[in-house]
Structure formats: structure tokens, C-alpha cells
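Worksheet for the structure shown next.
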Amino acid sequence: MLFSSSTFLFFFLPAFLALYYLLPWKNAVLLLASLLFYAWGEPRFVPLLLASSLLNYSVGYWLARRRSAWLLGGGIAINLAMLGYYKYLGFFTLSLNAIAGSQLPVPQIVLPLGISFFTFQGISYLIDVSRGTVGAQKSFWTFAMYKAMFPQLIAGPIVRYQQIAAELEHRDLSNERLWRGLRQFLLGLCQKVLIANTVAVAADGLFATDPAQLTAAAAWLGIICYSLLILYDFAGYSNMAIGIGHMTGFSYPPNFDQPYSARSITEFWRRWHISLSSWFRDYLYIPLGGNRGTPWRTYFNLALVFLLCGLWHGAAWTFIVWGGWHGLLLIVERAGFGRLLARLPSAVAQAYTLLGVMVGWVFFRASDLPYALRYLQALAGGSHADPLAHPWQMDVQAAQWAAIVIGSALALWRAPPLLRHPLPQTVAGGLGLLACAASLAAGTYNPFIYFHF
Amino acid sequence: MRKHSAKGLITLLFAIPVLASLLLAPAGTAENRNLAPSPALPHSWAETLAWPGKAELWINDHLGLRNQLIALNNRVRYTLFRQFPTRQLLAGQHGRLFLSAYNTVDAPYSGIQTVCGYAADANLRAMLVQHLGTFQQVMEQQHLAGRLLIAPSAPVLYHEDLPDWLQARCAVAATPIEQALATAGLQDASHVLYPLAALRAARADAAIFPSTWFHWAGDGPRLAADLSVQRFWPMATPAPAPLASVMQTLPSDLDSLAPGLALHSKVKKVDFAASGVQECNGASCFPEMPDLMAKLWGVNRYQNPAAPLPRLVLITDSFGVSAGPWFARYYRDVLQVATNDLAQLAPAEVQRLKSLLFQQQTPQHLLFLYHDGTVQGGGRIGTDLHL
């Protein structure tokens, strides 16, 4: 069930909110609603979600009583084994066959929704309990509710237990907080439906084309549209999740902070998917030594972390290359280029950062590595395509231009919020909801033209 | 109460569509399809797994205020961007609309590029030549003196109204139909007419296609009727006086693709009363077999006692519906039958239909009328009515 669907917005959400606000058993309502939400798309994996909850609850329970590296390591290993089986076994088998020439049967395993998110959530819980950062949850059902909370279950942010532990039993549901949550939810909905969905039409059309048919202008428009698509799709979803969090009394962490306004890749990763980048920093990079060792050790740590970050995003070489690309840029900045960037005009530094990020997005979006390389060639004007082969006007029209201009302005420019006062924000949000509802309804319109031609 | 006002108001906000569907009368739809039925409660694991998908389809089709929201979206989108909610519609220049794709699964712009000849290859030309040959063979085999009128569609007639980039793609020397006719040596044939050049020449003074329509109407079919009768059955006596006509502002025939938008055009229609022509639409016009005709869409009949020629049988696609009245200038009895729904008829019923249409008791002319998109789609020329 998508947040930006009529089913969620106008059926699930009001029914859930009504029960949640009216009934005293808020944790039970949230848990049951979350399981229903998950089952709506993947009922067969509800037992897996509950099993993951049971695993991390049990290990956490014992870790709180006896700090044991074996117990912690075992808990993390089982979490990673689940993730590895469902997400990577097929990819690893394919890759092994390709590299070693073996002919192992490639398992066709369905990927459970959100497994990357709730696995990392579980690992962070075990490590935090082991470190004594937070106490273990005594109630399995409360812990299961934390793991399964539908606002963040499918696409984050990765909410650490310590971030909401205090709110599991006592939540603030003041008017001011609920309105704030609503405004953030509506902001996210508008980002997703009005900007992301609009540029998606163009991005999908251009990336579905052989790059040899794309002029440089078309290729650049394609990657610009995709860059805006992935930002507003993801940031929009995160804002919706955080907004629902506030509406239910939970303080989810921020996940995006105008990442395209960054002036270095280092800064970019402090603004993009913050819950993930901070997870890797706190649970992998720093335990590996972070930047406390020699420069070469630091470079190794950065490379490893970002290769794994790429792999986390998807079981394909394109994602690994994407992660490696960012790791390389981080290493270069760490090695001295970052100090040079800091002395350059901010527009130049921002342009460099955007270029680096967009090149990375080519790999992220491409269906395979050869396509990515051909697309990069098209970006550089190397395709020598006939302008009529695939004119960009086929995919980018007035609505897409509006979304590109508005989306870019909001993403690139660190301007103060246009509407500071809550009331105009709420009115704007209401109009946005109307526009989004209209757009979603129009997407369901499917006439059958009678005349058959 | 005020302490909890936000809870109530926020819940109410998201519940508006559901409340509207409960309080307001159910709205119809112009989608010309059955809306998703409400999902029955599941009785098996398989049905349980399928239930969410069915529920979502039902919700999408029955959301409260759906029609109003769709109309709002379409109006805002068109006003701000001159874009439509579907890629099947394309806003051209000078206020003209084009049907960009015949359905939602065809590639965008395929409806335009196919007929204008972009990337048309020798295989297409060969296929068209074959179809034209098939038509001739079938007419001879069946002893039918049928003629073929191919109506050019708006993208080839109003090429300069396409967006610039599409004009560039469609800048071919000859359309696929023109090329096929030339290859088959049929440009001046007595049994085939593709009046592209004549209609292009007439654009300055006549509205061949209403600007917001897919189908031709008014001067387009009027001129085509005149041209085809002159070509196929030149009359010894002077042509009868033109039919009286009246200008009407009518909604677009593409309206159903963009509800909420007023895509009207001025259209010239036959003034039947002033012309002395009796118009009849639907199965009741064919008392010989009303039950059979009731299964077909687009069947009409026009009778003009003052016309010089006896009878015309028009076998058509949807372009025949607006063409039929204009032939009443020449024929005392015009039977126009669109074969779009021919699959609704059993083979025996098709035979009955053929006996009605091709009976030789009354002298008659037989004209097959299709637009270029139908012809290029293949499969109807020479094979309609199971010929």
C-alpha cells in the first residue's frame, strides 16, 4: 500500500487515525494496523517480520542481562543471513557463475518488502543495547510495534530504538504537534505526487531509450529528471512518514536536508538519506576505526562502507559501482580536494557536487553497466544521435518543465521557507492535498474509446 | 474538546471522500467500461491474497468525488500546461487537438507517426499494396462492384498544426498510403480514391476536420462525398444542389479522454429538415433485420427522395458515421454500416447482413470507406464482412 494512493489516503489513514485517537490501546492499534499495512502488499512475509521482531527482541533481552560479544555477533549474523538470503543469494549466485564459470542454479527468491530497513533497524537495536546506549524493551508486543510501525516500515527513515524509546509508552498528541505532522505529511505528499510523479514520466521515457538515440540535451534532461525524481520520491516519502509519526506521537529523525544544496560529496552525505548514512557511520565506519587511523586506513574504511552502502540499495553491480563512485569521491575529498573545495565559490563547489551525484545516479538508474556507460557517453555528446531519433520533447513538456524548475529551485537554493506562519502553511497544504487527490483520481481514469477506429 | 480538535479535524479531512460517497448519490462515468465490482469476502487463501488488489481497483473506481477530482485535475493541467491526463491526446498548434495513440498500450505518438509515415519501411508499403490487391481480388471474386475511399486523417491534412518536433518527424515526401498507391499504380484508379491532395487544397476555404476532433465532419466528408461520386460514378446529368447545412457548436469526439474540459468546435451538419432528407439512426432504420443491427454500433440510414441515384451501401469504420449524411445529396437511400463491432455477429448473422447489403434487386453502388489509420492497421480491406 503506497502512501500516495487513494486506498491509503482516504481509507486506511482516516480509519487508522480514528481508532488510534479514540481507543486507549494505542500500541495495539498501531501494531495491528502496521501488520495489516504490511500484509496488504505481502501477507506471506508477515511471519518473517514477526520472526525478525522475535529474534531481535530475544537477543536484545539477553544482551541487556549479559553483555556477550558472541550473543551480539550471533544476533547480527542471523539478521544479515536473513537479508543475505532474500536479497543477495540470487545475485551472488549469478555473479559466481559469471566469474567462475560455474553453473549453479540461480534461486528465484522474492524480496520481502522493507527487509533492508527492518534488518538494519534490528541490528542497530542490538548494538545499542549491547553498548548500554538504551535499555532493552521488556514487552515483545511493544517491540514488535516498534519494528513494524507502518510509517517507516517500507522505506524508512531507519528509526533507531533509542530515538523513540521514551515515546513507546507516553506520547505527546497535542494539537500543535498533530498540525505540524499534518503539514509535513502534506509537504511530502506534494513532493511525491506533484513533482516526483511529473518528472518520472520524462525520466522513465528517456531512460527506456537506447542512449545511442539520445542527443546530449536529451540525456542531460533525462538525468536531471531522474535526479529530481529520486530526491522528491524519497524525500517525499520520508516527509510523509515523519508527518504520520508526529500525528501518532513519534519523533522520527529527519532524513533529507536539501542534499542538492551541498558543496561537497562529504556534505551531501550529511544531507542525503541521513538515517542510513548515520547508521553506516555509527555501526560500521566508526567501529572500523573511522578516520582515527592512518589516511590509507581511512580511505579503506570509506571505500568499504560505501561499497556496502551501494550493495544495500540493490543486488546489482550498478548499485555497487554507484556506491564505489561515491566512496572514491569521498576519498578524493578526504585526501585534500575537500580543502580546495572549501576555498572555491560556493556555486562552483555546488556544481561539482551535483555533477558527481548525477554521474552516480546514472549507474543507480541504469539497467546494467553497459547501459550506464552508453548513457554517460550520451551525456558527453558522444552518441552523435539524430535529433529526430528521440527528441526530448517527446517526454519533457510544459508540466515537466514546471516540475523541473520548481523542483530544482527548492532543491538547490537554501532560501528561507516561503511560508513561515503555520496558518498559510496549513492552507497551502490543504490546497496541495486537493491537487494531489485530483492527480491521483485522474490516474485511475481509464476510458474505453468506443469507436475502435 | 478543543484539546482534541486537531485529531478530529485531521481524521475528517482524510475521510472526506468516503463521507461524500456515503452522503451523495453515486456518480456515473463516461469511461464506457464496467467499473470494478466490490470484492467479495475471500473464502480461500488464494482469494485472500487477491483481495487487496481487487479492493484497490474498487476504491480507485468508486472513490467519493472522483468525477469532480478528475475534472479539476484536467482543467488545471490544461489551463496551466495545455497538457492532458493521457498521452492519447496531444495539443497541437493553432488550437488543434490530435489523437496521439489509439489506446493506452500503443506507443506515444504512434497514432500520428504511423499515418504520416515516420520511420515507415518497405514492409509497410508491401503490406498496403497487398491489401489493396486483396480488395480488388475480393470484389472480382464476389462479383461486387465495390469502391474504396481512404480518408486522410488530421495529422496528414493539418501537418503544420503538429508540434514542431513532430512536424520534423512527419516531414516525409509521401504518406505510406500515397506510396502504396503509387507502387501499385493505383493513384488514378477508377476504384480507389485517397483524396489527400484535393482536401489539402480545400483547407483554405473549408474546415476538413473540426479543430478539436479526431474524426472528420462537415466540409471534410462533404468534399470527400463529392469527389468519390465524381471519381467512381460520374453522372451524365449535372450534380444536384448541395444539401442545406447548419453550423453547430459541438463537444469533441475525444471528450471522454479528458472529462471536465470543454473541447468544443464549430461543426457543419446537414440540415435534414431543410434538405428534405430523412435521417434514421440505429437498428430501427433496418426493419429487415433490427435484431441483428441492434448488435452493431454506427448504423444509420438516410433517405432523400429528390436525389438522382438509387441506393448507396457504405461499409465503413468510424469515419463513415459523419460521412453518410453527405452522400444523401446523390442517393435516394444511403445505408451506412460501421463494421467496428462485426465480431458481435455470428457467422450466420454476417451472411444475413451481407444478403441485406449486397442484394441486387435494387440497383446500388457499394463504397468501402476507411480512414488511413484503419487501412494501415491492416486486416479490413477486402476482408470486412468476412469477404
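A note on labels: chains of the C-alpha cells are A, B, ... as shown, every chain counts residues from 1, and ligands are counted from 1 in their shown order.
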For Ser5 (chain B), work out the shell of residues within 12 Å, counting only C-alpha atoms and skipping chain neighbours fewer than 3 positions away, then give it as an NGL selection string.
-> (:A and (21 or 173-179)) or (:B and (1-2 or 8-12))
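Distance-wise, CA of Arg66 (chain B) and CA of Gln397 (chain A) end up 26.0 Å apart.
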Report the closest atom pair, with its distance in Å rounded to one decimal, for each residue of chain A that has an atom no farther than 7 Å from chain B; count only C-alpha atoms, sort by chain and then rising residue number, and write it as CSV.
```
residue,atom,partner,partner_atom,distance
A:Ser6,CA,B:Asn60,CA,6.7
A:Thr7,CA,B:Glu56,CA,6.2
A:Leu9,CA,B:Phe14,CA,6.4
A:Phe10,CA,B:Phe14,CA,5.3
A:Pro14,CA,B:Thr11,CA,5.0
A:Leu17,CA,B:Thr11,CA,6.1
A:Ala18,CA,B:Thr11,CA,6.2
A:Tyr21,CA,B:Lys7,CA,6.7
A:Trp40,CA,B:Pro52,CA,5.9
A:Asn175,CA,B:Ala6,CA,5.1
A:Leu178,CA,B:Ala6,CA,6.4
A:Trp179,CA,B:Ala6,CA,6.7
A:Leu388,CA,B:Arg169,CA,6.3
A:Ala398,CA,B:Phe81,CA,5.2
A:Ala399,CA,B:Phe81,CA,5.7
A:Ala437,CA,B:Leu69,CA,6.9
A:Ala438,CA,B:Leu69,CA,4.4
A:Ser439,CA,B:Asn73,CA,5.7
A:Ala441,CA,B:Ile70,CA,5.7
A:Ala442,CA,B:Ile70,CA,4.7
A:Thr444,CA,B:Asn60,CA,5.8
A:Asn446,CA,B:Glu31,CA,6.4
A:Pro447,CA,B:Glu31,CA,3.9
A:Phe448,CA,B:Asn32,CA,5.4
A:Phe451,CA,B:Ser318,CA,5.8
A:His452,CA,B:Asn340,CA,6.4
A:Phe453,CA,B:Ser318,CA,5.7
```
Leaving out Pro259 (chain A) and any residue of its chain fewer than 2 positions from it, which residues lie within 6 Å of it when counting only C-alpha atoms, given as a ChimeraX atom specification?
-> /A:257,261-262,268,271-272
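Nearest-residue note for Met145 (chain A): choosing from A:Ser95, A:Asn56, A:Ser34, A:Thr133, the minimum distance belongs to A:Ser34, counting only C-alpha atoms.
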So which bits of region 77-315 of chain B end up strand (DSSP E) when you DSSP the backbone, as a ChimeraX atom specification?
-> /B:89-91,97-99,146-151,192-193,245-251,264-270,278-281,299-303,309-315
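If you count only C-alpha atoms and ignore residues fewer than 6 places along the chain from region 212-225 of chain A, what sits within 6 Å of it is Val199, Ala203, Leu206, Ala378, Leu379, Gly381, Ser383, Ala385, Ala389, His390 and Trp392 of chain A.
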